[in-house]
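Have a look at the structure below before the remarks.
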Amino acid sequence: MNYAKLDTCSMANGDGIGVDLFVSGCSLDCRGCFNWKAQNPFYGTPFTENTINTLLDALKSPYIERLSILGGDPLEPYNKHAVEQILKRVRDVYGDTKRIWLWTGRTYEDIKDEPILDYVDVLIDGKFELDKKEKHEYHGSSNQRVFRIFNGGSCGHYASIVRQGSPFRDERKALS
């Protein structure tokens, strides 16, 4: 798998400060895509053991709250296994102390049975549609949705649509 960019200190793609990994490759060819260069699966740099070590090291910082996986599309068939292995490594090292956000052009209904979702806390689904473009803090068009994914252990996971604001707003209020 190639990746287009690894940002080890980002405030752009999810709540709080996080690490953003933009994988390369997307066959959906959304008109008006903000990251059209990353549609090419060969764009960018090969993801190596050094890359995962850099990513894991960046997550060590106490002010880093999340890992965001974007693209391209992390759930392209040729990306899915590598991305799942990355998420597994993050969970093995950090448990549930770092939230994992994942963006895909696929819909939740089409991917709800994918094992990779067992590692994900927030899913943003749906193709970008230029004629439905809107300003939202987590996505670019009105057809896209934000899901809070809950891991049900041996029962798998379940999801809840977040209508507006942070997927963790109730948890943040409880901490205040």
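Residue numbering restarts at 1 in every chain; chains get A, B, ... in the order shown in the structure tokens, and ligands count up from 1 in that same order.
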Legend entry - strand (DSSP E) call set, DSSP backbone run, region 55-122 of chain A, as a list in words: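 Here are the strand (DSSP E) residues of region 55-122 of chain A: Arg66, Leu67, Ser68, Ile69, Leu70, Arg99, Ile100, Trp101, Leu102, Trp103 and Val122 of chain A.
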Legend entry - Val120 (chain A) surroundings by only C-alpha atoms, 7 Å radius, close-in-sequence under 2 positions cut, as a ChimeraX atom specification: /A:100-102,117-118,122-123,149
With C-alpha atoms kept, could you save the residues just selected as a compact mmCIF listing (two decimals), in the first residue's frame?
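After the write, out_4.txt holds the following:
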```txt
# COMPACT_ATOMS: atom_id res chain seq x y z
CA ILE A 100 -9.70 5.92 15.38
CA TRP A 101 -11.54 7.85 12.66
CA LEU A 102 -11.96 6.41 9.16
CA LEU A 117 -14.92 -1.68 11.78
CA ASP A 118 -14.17 -3.48 15.04
CA VAL A 122 -15.90 7.08 14.06
CA LEU A 123 -16.79 6.32 10.45
CA ILE A 149 -19.10 2.90 16.12
```
Residues within 12 Å of Trp103 (chain A), only C-alpha atoms, excluding chain neighbours under 2 positions, as a JSON list (two decimals) with N, CA and C atoms, in the first residue's frame:
```json
[["chain", "number", "residue", "atom", "x", "y", "z"],
["A", 13, "ASN", "N", -8.78, 16.74, 10.92],
["A", 13, "ASN", "CA", -9.61, 15.61, 10.51],
["A", 13, "ASN", "C", -10.09, 14.79, 11.71],
["A", 14, "GLY", "N", -10.97, 15.38, 12.49],
["A", 14, "GLY", "CA", -11.49, 14.74, 13.68],
["A", 14, "GLY", "C", -11.38, 15.67, 14.86],
["A", 20, "ASP", "N", -2.86, 12.04, 11.08],
["A", 20, "ASP", "CA", -3.65, 11.78, 9.88],
["A", 20, "ASP", "C", -2.83, 10.98, 8.89],
["A", 21, "LEU", "N", -3.38, 9.87, 8.43],
["A", 21, "LEU", "CA", -2.76, 9.06, 7.38],
["A", 21, "LEU", "C", -3.67, 9.07, 6.16],
["A", 22, "PHE", "N", -3.14, 9.60, 5.06],
["A", 22, "PHE", "CA", -3.87, 9.63, 3.78],
["A", 22, "PHE", "C", -3.33, 8.49, 2.92],
["A", 23, "VAL", "N", -4.12, 7.43, 2.75],
["A", 23, "VAL", "CA", -3.68, 6.32, 1.91],
["A", 23, "VAL", "C", -3.91, 6.67, 0.45],
["A", 26, "CYS", "N", -8.07, 5.12, -4.94],
["A", 26, "CYS", "CA", -9.52, 5.19, -4.84],
["A", 26, "CYS", "C", -10.09, 5.04, -6.23],
["A", 67, "LEU", "N", -6.24, 8.84, 15.72],
["A", 67, "LEU", "CA", -5.65, 8.52, 14.43],
["A", 67, "LEU", "C", -6.78, 8.62, 13.41],
["A", 68, "SER", "N", -6.56, 9.40, 12.35],
["A", 68, "SER", "CA", -7.55, 9.51, 11.27],
["A", 68, "SER", "C", -6.97, 8.88, 10.01],
["A", 69, "ILE", "N", -7.75, 8.01, 9.39],
["A", 69, "ILE", "CA", -7.35, 7.34, 8.15],
["A", 69, "ILE", "C", -8.26, 7.84, 7.04],
["A", 70, "LEU", "N", -7.65, 8.47, 6.05],
["A", 70, "LEU", "CA", -8.39, 9.06, 4.94],
["A", 70, "LEU", "C", -7.75, 8.60, 3.63],
["A", 71, "GLY", "N", -8.10, 9.24, 2.54],
["A", 71, "GLY", "CA", -7.50, 8.80, 1.29],
["A", 71, "GLY", "C", -7.56, 9.83, 0.20],
["A", 72, "GLY", "N", -7.51, 9.24, -0.97],
["A", 72, "GLY", "CA", -7.79, 7.89, -1.41],
["A", 72, "GLY", "C", -8.96, 7.31, -0.64],
["A", 73, "ASP", "N", -9.01, 6.00, -0.62],
["A", 73, "ASP", "CA", -10.03, 5.31, 0.16],
["A", 73, "ASP", "C", -9.39, 4.14, 0.89],
["A", 74, "PRO", "N", -9.41, 4.19, 2.23],
["A", 74, "PRO", "CA", -8.82, 3.10, 3.01],
["A", 74, "PRO", "C", -9.49, 1.74, 2.77],
["A", 75, "LEU", "N", -10.73, 1.74, 2.27],
["A", 75, "LEU", "CA", -11.43, 0.48, 2.10],
["A", 75, "LEU", "C", -11.43, -0.02, 0.66],
["A", 76, "GLU", "N", -10.57, 0.55, -0.18],
["A", 76, "GLU", "CA", -10.34, -0.07, -1.49],
["A", 76, "GLU", "C", -9.86, -1.50, -1.22],
["A", 83, "VAL", "N", -4.62, -1.50, 5.92],
["A", 83, "VAL", "CA", -5.22, -0.56, 6.87],
["A", 83, "VAL", "C", -5.69, -1.30, 8.12],
["A", 100, "ILE", "N", -10.00, 6.16, 16.79],
["A", 100, "ILE", "CA", -9.70, 5.92, 15.38],
["A", 100, "ILE", "C", -10.87, 6.38, 14.54],
["A", 101, "TRP", "N", -10.57, 7.30, 13.61],
["A", 101, "TRP", "CA", -11.54, 7.85, 12.66],
["A", 101, "TRP", "C", -11.18, 7.28, 11.29],
["A", 105, "GLY", "N", -15.54, 6.21, 0.88],
["A", 105, "GLY", "CA", -16.60, 6.52, -0.07],
["A", 105, "GLY", "C", -17.69, 5.47, -0.09],
["A", 106, "ARG", "N", -17.45, 4.35, 0.55],
["A", 106, "ARG", "CA", -18.47, 3.30, 0.64],
["A", 106, "ARG", "C", -19.51, 3.70, 1.69],
["A", 107, "THR", "N", -20.69, 3.12, 1.61],
["A", 107, "THR", "CA", -21.71, 3.42, 2.62],
["A", 107, "THR", "C", -21.62, 2.40, 3.75],
["A", 108, "TYR", "N", -22.08, 2.82, 4.91],
["A", 108, "TYR", "CA", -22.08, 1.94, 6.08],
["A", 108, "TYR", "C", -22.82, 0.64, 5.76],
["A", 117, "LEU", "N", -14.13, -2.61, 10.97],
["A", 117, "LEU", "CA", -14.92, -1.68, 11.78],
["A", 117, "LEU", "C", -14.82, -1.98, 13.27],
["A", 120, "VAL", "N", -12.62, 0.70, 14.66],
["A", 120, "VAL", "CA", -12.96, 2.09, 14.34],
["A", 120, "VAL", "C", -13.92, 2.67, 15.38],
["A", 121, "ASP", "N", -13.67, 3.93, 15.77],
["A", 121, "ASP", "CA", -14.58, 4.64, 16.68],
["A", 121, "ASP", "C", -15.54, 5.55, 15.93],
["A", 122, "VAL", "N", -15.06, 6.17, 14.85],
["A", 122, "VAL", "CA", -15.90, 7.08, 14.06],
["A", 122, "VAL", "C", -15.70, 6.75, 12.59],
["A", 123, "LEU", "N", -16.80, 6.59, 11.88],
["A", 123, "LEU", "CA", -16.79, 6.32, 10.45],
["A", 123, "LEU", "C", -17.50, 7.46, 9.74],
["A", 124, "ILE", "N", -16.86, 8.01, 8.71],
["A", 124, "ILE", "CA", -17.52, 8.98, 7.84],
["A", 124, "ILE", "C", -17.68, 8.26, 6.51],
["A", 125, "ASP", "N", -18.92, 8.08, 6.07],
["A", 125, "ASP", "CA", -19.18, 7.27, 4.88],
["A", 125, "ASP", "C", -19.72, 8.10, 3.72],
["A", 126, "GLY", "N", -19.70, 7.49, 2.55],
["A", 126, "GLY", "CA", -20.33, 8.06, 1.36],
["A", 126, "GLY", "C", -19.38, 8.77, 0.42],
["A", 127, "LYS", "N", -19.69, 8.65, -0.86],
["A", 127, "LYS", "CA", -18.92, 9.35, -1.89],
["A", 127, "LYS", "C", -19.12, 10.86, -1.74],
["A", 128, "PHE", "N", -18.08, 11.62, -2.09],
["A", 128, "PHE", "CA", -18.26, 13.07, -2.18],
["A", 128, "PHE", "C", -19.07, 13.34, -3.44],
["A", 138, "TYR", "N", -16.74, 17.57, 9.35],
["A", 138, "TYR", "CA", -16.15, 16.25, 9.11],
["A", 138, "TYR", "C", -16.30, 15.71, 7.69],
["A", 139, "HIS", "N", -17.11, 16.34, 6.86],
["A", 139, "HIS", "CA", -17.26, 15.85, 5.48],
["A", 139, "HIS", "C", -17.64, 16.99, 4.55],
["A", 140, "GLY", "N", -17.66, 16.67, 3.25],
["A", 140, "GLY", "CA", -17.82, 17.71, 2.25],
["A", 140, "GLY", "C", -19.14, 17.77, 1.51],
["A", 144, "GLN", "N", -23.01, 12.46, 2.82],
["A", 144, "GLN", "CA", -22.06, 11.77, 3.69],
["A", 144, "GLN", "C", -22.55, 11.82, 5.13],
["A", 145, "ARG", "N", -22.23, 10.74, 5.87],
["A", 145, "ARG", "CA", -22.73, 10.63, 7.24],
["A", 145, "ARG", "C", -21.59, 10.34, 8.21],
["A", 146, "VAL", "N", -21.82, 10.72, 9.46],
["A", 146, "VAL", "CA", -20.87, 10.45, 10.53],
["A", 146, "VAL", "C", -21.51, 9.42, 11.46],
["A", 147, "PHE", "N", -20.81, 8.31, 11.68],
["A", 147, "PHE", "CA", -21.28, 7.26, 12.57],
["A", 147, "PHE", "C", -20.34, 7.13, 13.76]]
```
Inset, instruction - One decimal, Å: what's the distance from CA of Gly16 (chain A) over to CA of Thr104 (chain A), could you say? - result: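 One can read the CA of Gly16 (chain A) to CA of Thr104 (chain A) distance as 20.4 Å.
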Legend entry - Residue among A:Lys80, A:Lys112, A:Arg66, A:Lys37 lying closest to Asp96 (chain A), counting only C-alpha atoms: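 Distance minimum relative to Asp96 (chain A) lands on A:Arg66.
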Legend entry - Who sits within 10 Å of Glu129 (chain A), only C-alpha atoms, same chain under 6 positions skipped, as a list in words: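 Non-adjacent residues within range: Cys30, Arg31, Gly32, Cys33, Gly140, Ser141, Ser142, Asn143 and Gln144 of chain A.
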Selected residues written out with N, CA and C atoms, as a PDB file, in the first residue's frame:
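For reference, out-v3.pdb as written:
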```
ATOM      1  N   CYS A  30     -14.701  10.436  -7.538  1.00  0.00           N
ATOM      2  CA  CYS A  30     -15.682  11.469  -7.202  1.00  0.00           C
ATOM      3  C   CYS A  30     -15.308  12.790  -7.889  1.00  0.00           C
ATOM      4  N   ARG A  31     -16.255  13.358  -8.613  1.00  0.00           N
ATOM      5  CA  ARG A  31     -16.043  14.648  -9.257  1.00  0.00           C
ATOM      6  C   ARG A  31     -15.871  15.713  -8.175  1.00  0.00           C
ATOM      7  N   GLY A  32     -14.775  16.481  -8.245  1.00  0.00           N
ATOM      8  CA  GLY A  32     -14.520  17.520  -7.271  1.00  0.00           C
ATOM      9  C   GLY A  32     -13.783  17.029  -6.029  1.00  0.00           C
ATOM     10  N   CYS A  33     -13.255  15.826  -6.076  1.00  0.00           N
ATOM     11  CA  CYS A  33     -12.535  15.254  -4.932  1.00  0.00           C
ATOM     12  C   CYS A  33     -11.438  16.214  -4.465  1.00  0.00           C
ATOM     13  N   GLY A 140     -17.660  16.668   3.250  1.00  0.00           N
ATOM     14  CA  GLY A 140     -17.821  17.712   2.245  1.00  0.00           C
ATOM     15  C   GLY A 140     -19.141  17.765   1.513  1.00  0.00           C
ATOM     16  N   SER A 141     -19.973  16.718   1.598  1.00  0.00           N
ATOM     17  CA  SER A 141     -21.263  16.773   0.911  1.00  0.00           C
ATOM     18  C   SER A 141     -22.367  16.198   1.802  1.00  0.00           C
ATOM     19  N   SER A 142     -23.588  16.663   1.545  1.00  0.00           N
ATOM     20  CA  SER A 142     -24.702  16.374   2.457  1.00  0.00           C
ATOM     21  C   SER A 142     -25.113  14.902   2.500  1.00  0.00           C
ATOM     22  N   ASN A 143     -24.727  14.109   1.515  1.00  0.00           N
ATOM     23  CA  ASN A 143     -25.052  12.682   1.534  1.00  0.00           C
ATOM     24  C   ASN A 143     -24.134  11.887   2.462  1.00  0.00           C
ATOM     25  N   GLN A 144     -23.008  12.465   2.823  1.00  0.00           N
ATOM     26  CA  GLN A 144     -22.062  11.766   3.689  1.00  0.00           C
ATOM     27  C   GLN A 144     -22.546  11.818   5.130  1.00  0.00           C
TER      28      GLN A 144
END
```
Legend entry - Of the listed residues A:Tyr78, A:Tyr119, A:Tyr63, A:Tyr3, that which approaches Tyr43 (chain A) most closely, counting only C-alpha atoms: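 The answer is A:Tyr3, which sits nearest to Tyr43 (chain A).
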Legend entry - Interatomic distance, CA of Ala159 (chain A) to CA of Ile116 (chain A) (Å, one decimal):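 CA of Ala159 (chain A) sits 13.5 Å away from CA of Ile116 (chain A).
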Inset, instruction - Enumerate, as a PyMOL selection string, the complete set of residues in region 70-168 of chain A that a backbone-based DSSP assignment places in alpha helix (DSSP H). - result: chain A and resi 77-94+108-111
Legend entry - Long-range neighbours of Asn53 (chain A) as a list in words, 12 Å cut-off, only C-alpha atoms, 3 positions minimum in chain: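 Counting only the stated atoms, we get Leu6, Thr8, Phe47, Thr48, Glu49, Asn50, Leu56, Asp57, Ala58, Leu59, Lys60, Ile86, Arg89, Val90 and Val93 of chain A.
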Legend entry - Nearest-residue call for Pro77 (chain A), choices A:Glu114, A:Val162, A:Lys5, A:Lys132, using only C-alpha atoms: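 Using only C-alpha atoms, the shortest distance to Pro77 (chain A) belongs to A:Glu114.
Nearest to Leu55 (chain A) of all the residues A:Ala82, A:Leu28, A:Ile17, A:Cys9 is A:Cys9, based on only C-alpha atoms.
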Inset, instruction - Work out how far apart CA of Asp15 (chain A) and CA of Tyr94 (chain A) are and give it in Å to one decimal. - result: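 Computing the Euclidean distance for CA of Asp15 (chain A) and CA of Tyr94 (chain A) yields 17.7 Å.
When only C-alpha atoms are used to compute distances to Asp7 (chain A), the closest of the residues A:Leu130, A:Asn151, A:Gln39, A:Val19 turns out to be A:Val19.
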